[in-house]
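Enquirer: Mind having a look at this structure? Questions to follow.
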Amino acid sequence: MPVTRTAVLIVGGGPVGSTLALDLASRGIDVMVAERNPVGQMPGVKCNHVAARTMEIFRRLEIAQIVRDTGLPADHANDIARRRPGPSSPAS
């Protein structure tokens, strides 16, 4: 098995690991991200919300607009909730 050397190894490529890798790389630090997924299974969604503090970091890394453009359209309603009537709720 080949040996790979890196200054920093991040185990997990979710939102935190990926952001840390971007931050370290922007500072010129050699970094590698290791992510393990079961064979034949697509990776699941790791993030469905980006907090204000995270967007501050993305602005410093100059990727905030890319993140915004990748998400839902600006006019997408985020204040809609759907639910099924429960056993004590009258059916409509």
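Labels for the structure tokens follow display order: chains A, B, ..., residues from 1 in each chain, ligands from 1.
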Taking only chain A into account, list the residues labelled alpha helix (DSSP H) by DSSP (computed from the backbone), as a VMD selection string.
Expert: chain A and resid 15 to 26 52 to 60 64 to 70
Enquirer: Counting only C-alpha atoms, what is within 12 Å of A:Ile57, bar same-chain residues fewer than 3 positions away, as a list in words?
Expert: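 Everything that qualifies: Val16, Thr19, Leu20, Leu22, Asp23, Leu24, Ser26, Val50, Ala51, Ala52, Arg53, Thr54, Arg60, Leu61, Glu62, Ile63, Ala64 and Val67 of chain A.
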Enquirer: Ranking A:Pro85, A:Gly17, A:Gly71, A:Gly12 by minimum distance to A:Ala34 and counting only C-alpha atoms, which one comes first?
Expert: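 For A:Ala34, the nearest of the candidates is A:Gly12.
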Enquirer: My list of candidates is A:Glu35, A:Arg83, A:Ala25, A:Asp30. Which is closest to A:Val11 when distances are computed with only C-alpha atoms?
Expert: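 Under the stated criterion, the closest residue is A:Glu35.
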Enquirer: For atom CA of A:Glu56 and atom CA of A:Arg36, quote the distance in Å rounded to one decimal.
Expert: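 Rounded to one decimal, the two atoms are 28.4 Å apart.
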Enquirer: Would you mind listing what lies within 12 Å of A:Asn37 as a list in words, with only C-alpha atoms counted and same-chain residues fewer than 4 positions away left out?
Expert: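 The filter keeps Gly12, Gly13, Gly14, Gln41, Met42, Pro43 and Gly44 of chain A.
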Enquirer: Restricting the calculation to only C-alpha atoms: of A:Met32, A:Arg84, A:Ala74, A:Arg27, which residue gets closest to A:Ile10?
Expert: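 For A:Ile10, the nearest of the given residues is A:Met32.
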Enquirer: For the atom pair atom CA of A:Asp69 and atom CA of A:Met55, what is the interatomic distance in Å to one decimal place?
Expert: 12.9 Å
Enquirer: With distances taken over only C-alpha atoms, which residue among A:Leu72, A:Val31, A:Ala21, A:Asp79 lies nearest A:Ala7?
Expert: A:Val31
Enquirer: Please, which residues of chain A, numbered as in this document, come out strand (DSSP E or B) from DSSP, as a ChimeraX atom specification?
Expert: /A:8-11,31-34
Enquirer: For each of A:Asp75, A:Val33, A:Pro38, A:Arg68, take the minimum atom-to-atom distance to A:Ser18, counting only C-alpha atoms, then give the residue where this is smallest.
Expert: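 Ranking A:Asp75, A:Val33, A:Pro38, A:Arg68 by distance to A:Ser18, first place goes to A:Val33.
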Enquirer: Select, from A:Val8, A:His49, A:Gly40, A:Phe58, the residue with the minimum atom-to-atom distance to A:Gly28, counting only C-alpha atoms.
Expert: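 Under the stated criterion, the closest residue is A:Val8.
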